[in-house]
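With compact mmCIF, C-alpha atoms inside, this is data_11.txt:
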# COMPACT_ATOMS: atom_id res chain seq x y z
CA MET A 29 -118.07 -8.77 -133.03
CA THR A 30 -118.28 -5.13 -131.94
CA LEU A 31 -117.20 -3.64 -128.64
CA LEU A 32 -120.83 -3.87 -127.47
CA ASP A 33 -121.18 -7.62 -127.99
CA ARG A 34 -120.57 -10.13 -125.20
CA PRO A 35 -119.00 -13.34 -126.52
CA SER A 36 -121.05 -16.47 -125.95
CA GLY A 37 -119.55 -19.21 -123.79
CA LEU A 38 -118.57 -16.98 -120.86
CA ASP A 39 -121.71 -17.29 -118.74
CA GLY A 40 -120.43 -20.29 -116.80
CA ILE A 41 -117.04 -19.02 -115.71
CA ALA A 42 -116.32 -18.34 -112.04
CA GLY A 43 -114.42 -15.14 -112.72
CA THR A 44 -115.56 -11.70 -113.85
CA VAL A 45 -116.37 -10.60 -117.40
CA LEU A 46 -115.88 -6.89 -118.06
CA MET A 47 -117.26 -5.09 -121.10
CA PRO A 48 -116.36 -1.48 -122.02
CA ALA A 49 -119.50 -0.10 -120.38
CA ASP A 50 -118.97 -2.00 -117.11
CA ALA A 51 -117.70 -0.48 -113.89
CA GLY A 52 -114.09 -1.59 -113.37
CA TYR A 53 -113.32 -1.94 -117.09
CA ASP A 54 -111.10 1.14 -117.31
CA GLU A 55 -109.12 0.13 -114.22
CA ALA A 56 -108.71 -3.44 -115.47
CA ARG A 57 -107.35 -2.39 -118.89
CA GLN A 58 -104.50 -0.36 -117.39
CA THR A 59 -101.01 -1.80 -117.74
CA PHE A 60 -97.52 -0.93 -116.61
CA ASN A 61 -96.71 1.58 -119.36
CA GLY A 62 -98.71 4.80 -119.11
CA MET A 63 -97.92 5.64 -122.76
CA LEU A 64 -100.32 2.90 -123.87
CA ASP A 65 -104.10 3.33 -123.98
CA LYS A 66 -105.62 0.06 -125.19
CA HIS A 67 -109.35 -0.71 -125.37
CA PRO A 68 -110.03 -4.46 -125.48
CA ALA A 69 -113.41 -5.80 -126.52
CA VAL A 70 -113.78 -7.78 -123.32
CA ILE A 71 -111.67 -8.59 -120.26
CA VAL A 72 -112.13 -12.00 -118.64
CA GLN A 73 -110.69 -12.09 -115.12
CA CYS A 74 -110.17 -15.81 -114.66
CA LEU A 75 -110.02 -17.80 -111.43
CA SER A 76 -108.99 -21.20 -112.82
CA SER A 77 -107.67 -23.04 -115.85
CA LEU A 78 -111.26 -23.93 -116.71
CA ASP A 79 -112.09 -20.22 -116.87
CA VAL A 80 -109.09 -19.67 -119.13
CA ALA A 81 -110.13 -22.51 -121.42
CA ALA A 82 -113.66 -21.13 -121.68
CA ALA A 83 -112.32 -17.66 -122.49
CA VAL A 84 -110.02 -19.01 -125.22
CA ARG A 85 -112.85 -21.00 -126.81
CA ALA A 86 -115.13 -17.94 -126.67
CA ALA A 87 -112.52 -15.80 -128.42
CA GLN A 88 -112.02 -18.43 -131.10
CA ALA A 89 -115.75 -18.71 -131.69
CA ALA A 90 -116.12 -14.92 -131.92
CA GLY A 91 -113.11 -14.56 -134.20
CA VAL A 92 -111.31 -12.01 -132.01
CA PRO A 93 -107.62 -11.96 -131.06
CA ILE A 94 -106.44 -12.92 -127.58
CA ALA A 95 -104.13 -11.01 -125.27
CA VAL A 96 -102.91 -12.51 -122.01
CA ARG A 97 -102.37 -10.45 -118.87
CA GLY A 98 -100.21 -12.05 -116.21
CA GLY A 99 -98.57 -9.39 -114.05
CA GLY A 100 -99.38 -6.67 -116.59
CA HIS A 101 -95.74 -5.55 -116.51
CA SER A 102 -95.19 -5.56 -120.28
CA VAL A 103 -93.48 -2.33 -121.34
CA ALA A 104 -94.44 -3.08 -124.96
CA GLY A 105 -98.09 -3.49 -123.97
CA HIS A 106 -98.57 -7.16 -124.87
CA SER A 107 -100.86 -7.62 -121.84
CA VAL A 108 -103.77 -5.72 -123.44
CA ALA A 109 -104.76 -5.20 -127.08
CA ASP A 110 -107.38 -3.16 -128.87
CA ASP A 111 -110.57 -5.04 -129.81
CA ALA A 112 -109.22 -8.26 -128.25
CA LEU A 113 -110.39 -10.64 -125.58
CA VAL A 114 -108.00 -10.25 -122.65
CA VAL A 115 -107.41 -13.39 -120.61
CA ASP A 116 -106.66 -11.71 -117.28
CA LEU A 117 -104.83 -13.90 -114.73
CA ARG A 118 -104.31 -11.25 -112.03
CA TYR A 119 -106.38 -13.23 -109.49
CA MET A 120 -104.57 -16.52 -110.16
CA ARG A 121 -101.56 -16.00 -107.86
CA ALA A 122 -101.42 -19.07 -105.63
CA VAL A 123 -97.98 -20.61 -104.97
CA ASP A 124 -97.33 -24.07 -103.49
CA VAL A 125 -93.89 -25.33 -102.47
CA ASP A 126 -92.67 -28.90 -102.12
CA PRO A 127 -89.48 -28.38 -100.08
CA ARG A 128 -88.51 -32.03 -100.24
CA ARG A 129 -88.51 -32.10 -104.05
CA ARG A 130 -87.42 -28.44 -104.21
CA ILE A 131 -90.23 -27.57 -106.60
CA ALA A 132 -92.56 -24.56 -106.55
CA ARG A 133 -95.85 -24.44 -108.46
CA ALA A 134 -97.14 -20.93 -109.16
CA GLU A 135 -100.28 -19.86 -110.97
CA GLY A 136 -99.86 -17.79 -114.12
CA GLY A 137 -100.88 -14.46 -112.58
CA ALA A 138 -98.35 -14.65 -109.74
CA GLN A 139 -95.72 -12.00 -109.21
CA TRP A 140 -92.19 -12.64 -108.00
CA LEU A 141 -93.10 -11.37 -104.56
CA ASP A 142 -95.62 -14.22 -104.30
CA VAL A 143 -93.06 -16.83 -105.35
CA ASP A 144 -90.24 -15.45 -103.20
CA THR A 145 -92.42 -15.23 -100.09
CA ALA A 146 -93.47 -18.86 -100.44
CA THR A 147 -90.04 -20.30 -101.26
CA VAL A 148 -87.85 -18.28 -98.88
CA ALA A 149 -89.90 -19.66 -95.99
CA HIS A 150 -88.15 -22.96 -96.78
CA GLY A 151 -84.71 -21.43 -97.42
CA LEU A 152 -85.17 -21.91 -101.17
CA ALA A 153 -85.52 -19.72 -104.26
CA THR A 154 -85.36 -19.71 -108.02
CA THR A 155 -84.02 -17.11 -110.46
CA GLY A 156 -86.64 -14.37 -110.28
CA GLY A 157 -87.11 -10.89 -111.63
CA THR A 158 -85.28 -8.01 -109.98
CA PHE A 159 -88.56 -6.09 -109.59
CA VAL A 160 -90.73 -8.07 -107.19
CA ASP A 161 -93.99 -6.84 -108.74
CA THR A 162 -93.04 -8.27 -112.15
CA GLY A 163 -95.29 -11.09 -113.30
CA ILE A 164 -93.61 -14.47 -113.43
CA ALA A 165 -95.14 -15.42 -116.79
CA GLY A 166 -93.60 -12.88 -119.14
CA LEU A 167 -90.18 -13.14 -117.52
CA THR A 168 -90.12 -16.94 -117.62
CA LEU A 169 -91.36 -17.29 -121.18
CA THR A 170 -88.80 -14.89 -122.65
CA GLY A 171 -85.67 -15.82 -120.65
CA GLY A 172 -85.42 -14.21 -117.25
CA ILE A 173 -82.40 -12.40 -115.80
CA GLY A 174 -82.06 -12.36 -112.01
CA TYR A 175 -79.68 -12.39 -109.07
CA LEU A 176 -79.39 -16.20 -108.96
CA MET A 177 -78.79 -16.88 -112.65
CA GLY A 178 -75.10 -17.70 -112.17
CA THR A 179 -75.95 -20.80 -110.15
CA GLY A 180 -79.53 -21.36 -111.30
CA GLY A 181 -79.55 -20.30 -114.94
CA PHE A 182 -82.08 -18.00 -116.57
CA THR A 183 -85.58 -18.19 -115.13
CA CYS A 184 -86.70 -20.23 -118.14
CA ASP A 185 -83.96 -22.77 -117.36
CA THR A 186 -85.50 -23.48 -113.96
CA LEU A 187 -88.91 -24.31 -115.49
CA VAL A 188 -89.52 -28.06 -115.12
CA GLY A 189 -93.22 -28.26 -115.93
CA ALA A 190 -96.25 -26.20 -116.84
CA GLU A 191 -100.01 -26.33 -117.25
CA VAL A 192 -101.07 -24.75 -120.54
CA VAL A 193 -104.38 -23.92 -122.22
CA SER A 194 -103.85 -24.52 -125.92
CA ALA A 195 -105.23 -22.44 -128.79
CA ASP A 196 -108.24 -24.76 -129.11
CA GLY A 197 -109.10 -24.41 -125.42
CA GLU A 198 -107.69 -27.69 -124.14
CA VAL A 199 -105.75 -27.93 -120.86
CA VAL A 200 -102.45 -29.74 -121.53
CA ARG A 201 -99.32 -30.58 -119.59
CA ALA A 202 -95.79 -29.51 -120.62
CA GLY A 203 -92.88 -31.53 -119.27
CA GLU A 204 -91.55 -35.04 -118.92
CA ASP A 205 -94.94 -36.32 -117.77
CA GLY A 206 -96.68 -34.52 -120.63
CA ASP A 207 -95.32 -32.82 -123.73
CA PRO A 208 -91.51 -32.34 -123.43
CA GLU A 209 -91.31 -30.39 -126.69
CA LEU A 210 -93.83 -27.87 -125.39
CA LEU A 211 -91.70 -27.42 -122.27
CA TRP A 212 -88.67 -26.82 -124.51
CA ALA A 213 -90.61 -24.11 -126.36
CA LEU A 214 -91.83 -22.43 -123.17
CA ARG A 215 -88.25 -22.13 -121.94
CA GLY A 216 -87.57 -18.79 -123.56
CA GLY A 217 -89.59 -19.18 -126.76
CA GLY A 218 -92.14 -16.49 -125.89
CA GLY A 219 -95.83 -16.47 -125.11
CA ASN A 220 -97.41 -17.76 -128.33
CA PHE A 221 -97.72 -21.45 -127.46
CA GLY A 222 -100.83 -21.13 -125.31
CA VAL A 223 -101.87 -19.56 -122.01
CA VAL A 224 -99.68 -20.89 -119.20
CA THR A 225 -101.90 -21.18 -116.14
CA ALA A 226 -99.28 -22.74 -113.84
CA PHE A 227 -95.47 -22.82 -113.78
CA GLU A 228 -93.33 -25.35 -111.93
CA TYR A 229 -89.83 -24.21 -110.97
CA ARG A 230 -86.71 -25.97 -109.77
CA LEU A 231 -85.54 -24.36 -106.52
CA GLN A 232 -82.10 -24.06 -104.99
CA PRO A 233 -80.93 -23.49 -101.39
CA LEU A 234 -80.16 -19.85 -100.65
CA GLY A 235 -77.42 -20.00 -98.04
CA GLU A 236 -75.40 -16.92 -97.15
CA LEU A 237 -75.89 -13.85 -99.40
CA GLN A 238 -73.95 -10.63 -99.94
CA LEU A 239 -75.03 -7.45 -101.70
CA GLY A 240 -72.25 -5.29 -103.09
CA ARG A 241 -71.69 -2.05 -104.92
CA ILE A 242 -68.83 -0.01 -106.31
CA VAL A 243 -69.85 3.58 -107.02
CA VAL A 244 -67.73 5.23 -109.72
CA PRO A 245 -67.69 8.93 -110.71
CA ILE A 246 -68.57 9.35 -114.37
CA ALA A 247 -65.00 10.52 -115.08
CA HIS A 248 -63.80 6.94 -114.42
CA LEU A 249 -66.57 5.19 -116.37
CA ARG A 250 -64.29 3.85 -119.10
CA GLN A 251 -61.91 2.24 -116.58
CA ALA A 252 -64.90 0.76 -114.75
CA LEU A 253 -66.40 -0.72 -117.92
CA GLU A 254 -63.09 -2.16 -119.05
CA ALA A 255 -62.61 -3.78 -115.65
CA ALA A 256 -66.17 -5.13 -115.63
CA ALA A 257 -65.78 -6.52 -119.16
CA ALA A 258 -62.62 -8.37 -118.16
CA GLN A 259 -64.24 -9.64 -114.96
CA ALA A 260 -67.21 -11.08 -116.88
CA HIS A 261 -64.84 -13.61 -118.47
CA ASP A 262 -63.58 -14.87 -115.11
CA MET A 263 -66.48 -14.79 -112.66
CA PRO A 264 -67.44 -17.62 -110.34
CA ASP A 265 -71.00 -18.86 -110.75
CA GLU A 266 -71.91 -17.43 -107.33
CA LEU A 267 -71.29 -13.84 -108.48
CA ASN A 268 -73.73 -11.74 -110.51
CA MET A 269 -72.86 -8.25 -111.77
CA PHE A 270 -74.97 -5.34 -113.06
CA VAL A 271 -73.80 -1.87 -114.14
CA VAL A 272 -76.37 0.93 -113.86
CA GLY A 273 -76.37 4.70 -114.33
CA PRO A 274 -75.70 7.52 -114.74
CA ALA A 275 -77.39 8.99 -111.70
CA LEU A 276 -76.78 11.74 -109.21
CA ASP A 277 -74.96 10.70 -106.03
CA THR A 278 -77.57 12.18 -103.71
CA PRO A 279 -77.38 11.89 -99.89
CA PRO A 280 -80.20 9.93 -98.23
CA ASP A 281 -83.46 11.83 -97.69
CA HIS A 282 -82.35 14.67 -100.01
CA GLN A 283 -83.78 15.80 -103.31
CA PRO A 284 -81.39 15.39 -106.25
CA ASP A 285 -79.49 18.59 -107.06
CA PRO A 286 -77.77 18.57 -110.48
CA GLU A 287 -75.75 21.62 -109.47
CA LYS A 288 -74.19 19.95 -106.42
CA ASP A 289 -74.51 16.18 -106.71
CA GLN A 290 -71.82 14.18 -108.48
CA LEU A 291 -72.77 12.12 -111.54
CA VAL A 292 -71.91 8.44 -110.97
CA VAL A 293 -72.39 4.91 -112.23
CA ALA A 294 -72.67 1.87 -109.96
CA ILE A 295 -71.40 -1.68 -110.42
CA ASN A 296 -73.81 -3.79 -108.37
CA PHE A 297 -73.12 -7.33 -107.20
CA ALA A 298 -75.08 -10.21 -105.77
CA PHE A 299 -73.02 -13.02 -104.28
CA GLN A 300 -73.93 -16.39 -102.80
CA GLY A 301 -71.39 -17.02 -100.04
CA SER A 302 -69.36 -15.20 -97.43
CA ALA A 303 -68.25 -11.56 -97.50
CA ALA A 304 -64.61 -12.63 -97.76
CA ASP A 305 -65.35 -14.87 -100.72
CA ALA A 306 -67.34 -12.06 -102.33
CA GLU A 307 -64.38 -9.69 -102.12
CA ALA A 308 -62.12 -12.33 -103.64
CA ALA A 309 -64.65 -13.03 -106.40
CA ILE A 310 -64.63 -9.50 -107.85
CA GLY A 311 -60.93 -9.81 -108.64
CA SER A 312 -59.33 -6.78 -110.25
CA LEU A 313 -62.52 -4.73 -109.83
CA ARG A 314 -61.29 -4.12 -106.28
CA GLU A 315 -58.57 -1.92 -107.78
CA LEU A 316 -61.19 0.58 -108.93
CA ARG A 317 -61.52 1.71 -105.31
CA ALA A 318 -58.06 3.24 -105.57
CA LEU A 319 -59.41 5.80 -108.05
CA PRO A 320 -60.43 9.23 -106.68
CA GLY A 321 -64.02 9.34 -105.47
CA VAL A 322 -64.74 5.61 -105.88
CA THR A 323 -66.46 3.95 -102.93
CA GLY A 324 -68.13 0.65 -102.17
CA GLY A 325 -68.03 -2.78 -100.65
CA PHE A 326 -70.17 -5.73 -99.58
CA ALA A 327 -72.72 -6.23 -96.81
CA PRO A 328 -74.72 -9.31 -95.80
CA THR A 329 -78.32 -9.42 -96.94
CA THR A 330 -81.34 -11.68 -97.21
CA TYR A 331 -82.95 -12.74 -100.45
CA PRO A 332 -86.10 -10.63 -99.87
CA GLU A 333 -83.87 -7.61 -99.17
CA MET A 334 -81.87 -8.31 -102.30
CA GLN A 335 -85.01 -8.65 -104.41
CA SER A 336 -86.56 -5.47 -103.03
CA ARG A 337 -83.44 -3.36 -103.57
CA THR A 338 -84.72 -1.95 -106.86
CA GLY A 339 -88.05 -0.94 -105.32
CA ILE A 340 -91.42 -0.99 -107.05
CA LEU A 341 -92.38 1.17 -110.01
CA PRO A 342 -96.05 2.18 -109.88
CA PHE A 343 -98.25 1.43 -112.86
CA GLY A 344 -98.95 4.45 -115.05
CA LEU A 345 -95.43 5.85 -115.46
CA ARG A 346 -94.36 6.40 -119.05
CA HIS A 347 -91.70 4.01 -120.35
CA TYR A 348 -89.48 3.63 -123.38
CA TRP A 349 -87.02 0.74 -123.10
CA LYS A 350 -84.69 -0.74 -125.68
CA GLY A 351 -82.22 -3.58 -125.22
CA HIS A 352 -79.66 -5.67 -127.04
CA PHE A 353 -77.68 -8.78 -126.19
CA LEU A 354 -73.94 -8.22 -126.63
CA ARG A 355 -71.45 -10.97 -127.34
CA GLU A 356 -68.77 -8.79 -125.74
CA LEU A 357 -68.51 -5.46 -123.96
CA ASP A 358 -65.61 -4.52 -126.22
CA GLY A 359 -64.01 -1.28 -127.35
CA GLY A 360 -66.82 -0.18 -129.66
CA ALA A 361 -69.53 -1.01 -127.14
CA ILE A 362 -67.63 0.74 -124.35
CA ASP A 363 -67.21 3.82 -126.54
CA ALA A 364 -70.97 3.85 -127.16
CA VAL A 365 -71.82 3.48 -123.46
CA VAL A 366 -69.37 6.19 -122.39
CA GLY A 367 -70.73 8.54 -125.05
CA ALA A 368 -74.35 7.81 -124.17
CA ALA A 369 -73.72 8.26 -120.44
CA ALA A 370 -72.10 11.62 -121.06
CA ASP A 371 -75.11 12.77 -123.10
CA THR A 372 -77.79 11.38 -120.76
CA PRO A 373 -79.27 13.94 -118.38
CA PRO A 374 -79.74 12.32 -114.96
CA GLY A 375 -83.21 11.79 -113.65
CA HIS A 376 -85.35 10.09 -116.28
CA SER A 377 -83.01 7.95 -118.37
CA PHE A 378 -80.26 5.45 -117.56
CA LEU A 379 -78.30 2.51 -118.91
CA LEU A 380 -78.34 -1.02 -117.53
CA LEU A 381 -75.67 -3.61 -118.35
CA GLU A 382 -76.33 -7.09 -116.98
CA ALA A 383 -73.50 -9.62 -117.13
CA ILE A 384 -74.58 -13.12 -118.23
CA THR A 385 -72.32 -15.73 -116.68
CA GLY A 386 -72.26 -19.12 -115.02
CA ARG A 387 -75.09 -21.56 -115.54
CA ALA A 388 -77.06 -19.07 -117.64
CA ARG A 389 -74.60 -19.65 -120.48
CA HIS A 390 -75.42 -23.38 -120.65
CA GLU A 391 -78.66 -25.04 -121.69
CA PRO A 392 -80.51 -26.96 -118.97
CA GLU A 393 -81.20 -30.67 -119.23
CA GLY A 394 -83.79 -31.14 -121.95
CA GLY A 395 -82.73 -27.95 -123.73
CA ALA A 396 -84.45 -24.59 -124.07
CA ALA A 397 -85.68 -22.36 -126.88
CA PHE A 398 -83.83 -19.34 -125.50
CA GLY A 399 -81.35 -18.33 -128.18
CA GLN A 400 -78.86 -15.92 -126.62
CA ARG A 401 -76.47 -18.24 -124.75
CA GLY A 402 -73.50 -16.73 -126.55
CA ALA A 403 -74.13 -13.25 -125.14
CA ARG A 404 -72.09 -12.03 -122.18
CA TRP A 405 -74.16 -8.91 -121.56
CA ASN A 406 -77.70 -7.66 -121.83
CA ALA A 407 -77.53 -3.91 -122.53
CA SER A 408 -80.64 -1.79 -122.02
CA ALA A 409 -81.41 1.90 -122.32
CA LEU A 410 -84.43 2.96 -120.26
CA GLY A 411 -86.42 6.17 -120.21
CA ILE A 412 -89.02 6.54 -117.44
CA TRP A 413 -91.05 9.65 -116.71
CA ARG A 414 -94.41 10.69 -115.30
CA THR A 415 -96.07 12.98 -117.84
CA ALA A 416 -95.22 15.05 -120.89
CA ARG A 417 -94.29 17.83 -118.45
CA THR A 418 -92.75 16.14 -115.44
CA THR A 419 -90.48 16.92 -112.53
CA ARG A 420 -87.02 15.44 -112.20
CA ARG A 421 -86.81 12.11 -110.44
CA THR A 422 -83.98 9.71 -109.73
CA SER A 423 -83.53 6.56 -111.77
CA PRO A 424 -85.64 3.76 -110.24
CA GLY A 425 -83.75 1.15 -108.31
CA PHE A 426 -80.52 3.15 -108.32
CA ASP A 427 -79.00 3.91 -104.95
CA ALA A 428 -75.56 5.46 -105.29
CA ARG A 429 -74.67 5.09 -101.63
CA PRO A 430 -71.92 2.55 -100.91
CA MET A 431 -72.72 -0.55 -98.90
CA ALA A 432 -71.95 -0.28 -95.20

Same coordinates, now as structure tokens:
Amino acid sequence: MTLLDRPSGLDGIAGTVLMPADAGYDEARQTFNGMLDKHPAVIVQCLSSLDVAAAVRAAQAAGVPIAVRGGGHSVAGHSVADDALVVDLRYMRAVDVDPRRRIARAEGGAQWLDVDTATVAHGLATTGGTFVDTGIAGLTLTGGIGYLMGTGGFTCDTLVGAEVVSADGEVVRAGEDGDPELLWALRGGGGNFGVVTAFEYRLQPLGELQLGRIVVPIAHLRQALEAAAAQAHDMPDELNMFVVGPALDTPPDHQPDPEKDQLVVAINFAFQGSAADAEAAIGSLRELRALPGVTGGFAPTTYPEMQSRTGILPFGLRHYWKGHFLRELDGGAIDAVVGAAADTPPGHSFLLLEAITGRARHEPEGGAAFGQRGARWNASALGIWRTARTTRRTSPGFDARPMA
């Protein structure tokens, strides 16, 4: 098949088939990372599982590879591939909630904003991505770190069922009432077991929520990391902790000024419970506020506010991300972070350390393919910029101001 051929078997689908010469093709092939410029053979924008099944069978018959686009948020570019048939789920975003059973069913193209909006209306939620425009599919199938993982587990742990189109184009069911081994594989095993057209999640009550932050000048970074590493061993399930920076401590509504603004790192918290319990939960980390220039505290929040705190990154920015799971944030790792932070110019690059605690460290009933339960931290280095010649911008999602 060449780029000019239309695969047979697609005439009956309800969605849209886009070839390279069609209007809308170039827009549809764009993904999150502006460094990538992929040209698929055909893009099939599906509206149902039957459309997906037809697209998979057409690709098999034509002998072309398949790429699956859910939210299109893949930094590595897995959503689109050269000379492939792209199964595009962007229009399959419906979410249904059964509040009595505490189950949400979301189509494979849904984003976390879709899921959160539907579940929060019932006072419920599941562990979701910390960027609300992230697609649910990629996050769920590879693990899923979020603000509720201490009490809910990784996102993959909350998956209780799924509808999947297999490699031969059959629609199958994963779960207790279908194939339990397929459900095990989908829980963190990646996206190579078929096209998931619907996810079913276990929900939990939200209750009272607190958002917290301790902002630390870069001069005290080592003390902050040592305190955070110790705290990760003794955290209640209700507390989640993320370290992010360096960034410039810029006043609201001001442009960053490297000559005047202080370089800082923030320890961010999400807590399920009261403000008083949140303060007690951070233990010896409270002592950091006795250091010169350290500020911070807790303030009540809602789950939508918590989820939107990191903002939305527009498609088309350039990204280079690299991450590792760490068994411990020990002396060598702390040395590396302190050294990297000192050498990282603020604006385009930053470090993110996500503590893995609570229920996320234990397999759910029925098990899961996710293989990093022994890690206490997920460490990521992220570079984000606009063009080869770009202007300085603050790190996305980083707000150095202390909580009120």

**Item:** 12 Å contact set for Val365 in chain A, all atoms listed in the file, chain neighbours under 3 positions out, as a ChimeraX atom specification
**Value:** /A:246,249-250,252-254,271-274,293,357-362,368-372,378-381,407-409

Selection export as an mmCIF file, in the coordinates of the input, atoms kept: C-alpha atoms:
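Heads up, here's the output in result14.cif:
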data_model
loop_
_atom_site.group_PDB
_atom_site.id
_atom_site.type_symbol
_atom_site.label_atom_id
_atom_site.label_comp_id
_atom_site.auth_asym_id
_atom_site.auth_seq_id
_atom_site.Cartn_x
_atom_site.Cartn_y
_atom_site.Cartn_z
ATOM 1 C CA ILE A 246 -68.570 9.350 -114.370
ATOM 2 C CA LEU A 249 -66.570 5.190 -116.370
ATOM 3 C CA ARG A 250 -64.290 3.850 -119.100
ATOM 4 C CA ALA A 252 -64.900 0.760 -114.750
ATOM 5 C CA LEU A 253 -66.400 -0.720 -117.920
ATOM 6 C CA GLU A 254 -63.090 -2.160 -119.050
ATOM 7 C CA VAL A 271 -73.800 -1.870 -114.140
ATOM 8 C CA VAL A 272 -76.370 0.930 -113.860
ATOM 9 C CA GLY A 273 -76.370 4.700 -114.330
ATOM 10 C CA PRO A 274 -75.700 7.520 -114.740
ATOM 11 C CA VAL A 293 -72.390 4.910 -112.230
ATOM 12 C CA LEU A 357 -68.510 -5.460 -123.960
ATOM 13 C CA ASP A 358 -65.610 -4.520 -126.220
ATOM 14 C CA GLY A 359 -64.010 -1.280 -127.350
ATOM 15 C CA GLY A 360 -66.820 -0.180 -129.660
ATOM 16 C CA ALA A 361 -69.530 -1.010 -127.140
ATOM 17 C CA ILE A 362 -67.630 0.740 -124.350
ATOM 18 C CA ALA A 368 -74.350 7.810 -124.170
ATOM 19 C CA ALA A 369 -73.720 8.260 -120.440
ATOM 20 C CA ALA A 370 -72.100 11.620 -121.060
ATOM 21 C CA ASP A 371 -75.110 12.770 -123.100
ATOM 22 C CA THR A 372 -77.790 11.380 -120.760
ATOM 23 C CA PHE A 378 -80.260 5.450 -117.560
ATOM 24 C CA LEU A 379 -78.300 2.510 -118.910
ATOM 25 C CA LEU A 380 -78.340 -1.020 -117.530
ATOM 26 C CA LEU A 381 -75.670 -3.610 -118.350
ATOM 27 C CA ALA A 407 -77.530 -3.910 -122.530
ATOM 28 C CA SER A 408 -80.640 -1.790 -122.020
ATOM 29 C CA ALA A 409 -81.410 1.900 -122.320
#

With distances taken over only C-alpha atoms, the candidate from A:Asp161, A:Asp285, A:Asp363, A:Asp126 nearest Ala138 in chain A is A:Asp161

For a quick check of understanding, using only C-alpha atoms, which of A:Ala202, A:Ile242, A:Ala304, A:Ile164 has the smallest distance to Cys184 in chain A?
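Closest candidate: A:Ile164.
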
Would you mind listing, for every residue of range 146-194 of chain A within 12 Å of range 260-264 of chain A, the two atoms forming the shortest contact and the distance between them in Å to one decimal, using all atoms listed in the file, sorted by chain and ascending residue number, as JSON lines?
{"residue": "A:Met177", "atom": "CA", "partner": "A:Pro264", "partner_atom": "CA", "distance": 11.6}
{"residue": "A:Gly178", "atom": "CA", "partner": "A:Pro264", "partner_atom": "CA", "distance": 7.9}
{"residue": "A:Thr179", "atom": "CA", "partner": "A:Pro264", "partner_atom": "CA", "distance": 9.1}

(message) Neighbouring residues of His248 in chain A were defined as those with any atom within 10 Å, considering all atoms listed in the file; residues of the same chain fewer than 5 positions away were excluded. Please report them as a PyMOL selection string.
(response) chain A and resi 253+292-293+316+319-322+366

Please provide as an MDAnalysis selection string all residues within 7 Å of range 85-96 of chain A, with the sequence filter that same-chain residues fewer than 4 positions apart are discarded (counting all atoms listed in the file).
chainID A and resid 29 35:38 81 106:109 112:116 196:197

Would you pick out the contacts of Ala397 in chain A at 6 Å or less, using only C-alpha atoms, so that residues sharing its chain but fewer than 2 positions from it are not included, and give the list as a list in words?
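So the residues in contact are Trp212, Ala213, Arg215, Gly216 and Gly217 of chain A.
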
How big is the axis-aligned box around all listed atoms of range 298-305 of chain A once 6 Å goes on each side, and where's its centre, in Å to one decimal, as JSON?
{"center_x": -69.8, "center_y": -13.6, "center_z": -101.6, "size_x": 22.5, "size_y": 18.8, "size_z": 20.3}

Once you count only C-alpha atoms, which residues end up no further than 6 Å from (-70.7, -13.8, -114.9) in the file's frame, shown as a tab-separated table (two decimals) with C-alpha atoms, keeping the file's coordinate frame?
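out-v4.tsv written:
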chain	number	residue	atom	x	y	z
A	260	ALA	CA	-67.21	-11.08	-116.88
A	263	MET	CA	-66.48	-14.79	-112.66
A	268	ASN	CA	-73.73	-11.74	-110.51
A	383	ALA	CA	-73.50	-9.62	-117.13
A	384	ILE	CA	-74.58	-13.12	-118.23
A	385	THR	CA	-72.32	-15.73	-116.68
A	386	GLY	CA	-72.26	-19.12	-115.02

query: Which polymer residues have any atom within 6 Å of an atom of Asp110 in chain A, counting only C-alpha atoms, with same-chain residues fewer than 6 positions away left out, as a list in words?
result: Lys66, His67 and Pro68 of chain A

Which one of A:Ala258, A:Leu313, A:Ala122, A:Ala226 sits closest to Val244 in chain A if you count all atoms listed in the file?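 With all atoms listed in the file as the atom set, the closest residue is A:Leu313.
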
Here CA of Glu315 in chain A and CA of Glu356 in chain A stand apart by 21.8 Å

- [ ] Give as number ranges by chain each residue that has an atom at most 6 Å from (-95.3, -20.7, -112.3) in the file, counting only C-alpha atoms.
- [x] A: 133-136, 226-228

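For the choices A:His352, A:Arg230, A:His150, A:Arg121, the atom-to-atom distance to Trp405 in chain A is smallest for A:His352 when using only C-alpha atoms.
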
**Asked** Pick the closest to Asn220 in chain A from A:Glu55, A:Pro233, A:Arg337, A:Val193: which is it, counting only C-alpha atoms?
**Response**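 Under the stated criterion, the closest residue is A:Val193.
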
Missing atoms of range 195-199 of chain A rebuilt to N, CA and C atoms, written as a PDB file, in the frame of the given file:
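Ended up saving to rebuild.pdb:
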ATOM      1  N   ALA A 195    -104.447 -23.359-127.963  1.00  0.00           N
ATOM      2  CA  ALA A 195    -105.230 -22.440-128.790  1.00  0.00           C
ATOM      3  C   ALA A 195    -106.645 -22.937-129.039  1.00  0.00           C
ATOM      4  N   ASP A 196    -106.883 -24.245-128.924  1.00  0.00           N
ATOM      5  CA  ASP A 196    -108.240 -24.760-129.110  1.00  0.00           C
ATOM      6  C   ASP A 196    -108.986 -24.937-127.786  1.00  0.00           C
ATOM      7  N   GLY A 197    -108.395 -24.397-126.695  1.00  0.00           N
ATOM      8  CA  GLY A 197    -109.100 -24.410-125.420  1.00  0.00           C
ATOM      9  C   GLY A 197    -108.956 -25.673-124.613  1.00  0.00           C
ATOM     10  N   GLU A 198    -107.944 -26.480-124.898  1.00  0.00           N
ATOM     11  CA  GLU A 198    -107.690 -27.690-124.140  1.00  0.00           C
ATOM     12  C   GLU A 198    -106.605 -27.437-123.092  1.00  0.00           C
ATOM     13  N   VAL A 199    -106.755 -28.042-121.913  1.00  0.00           N
ATOM     14  CA  VAL A 199    -105.750 -27.930-120.860  1.00  0.00           C
ATOM     15  C   VAL A 199    -104.755 -29.070-121.039  1.00  0.00           C
TER      16      VAL A 199
END
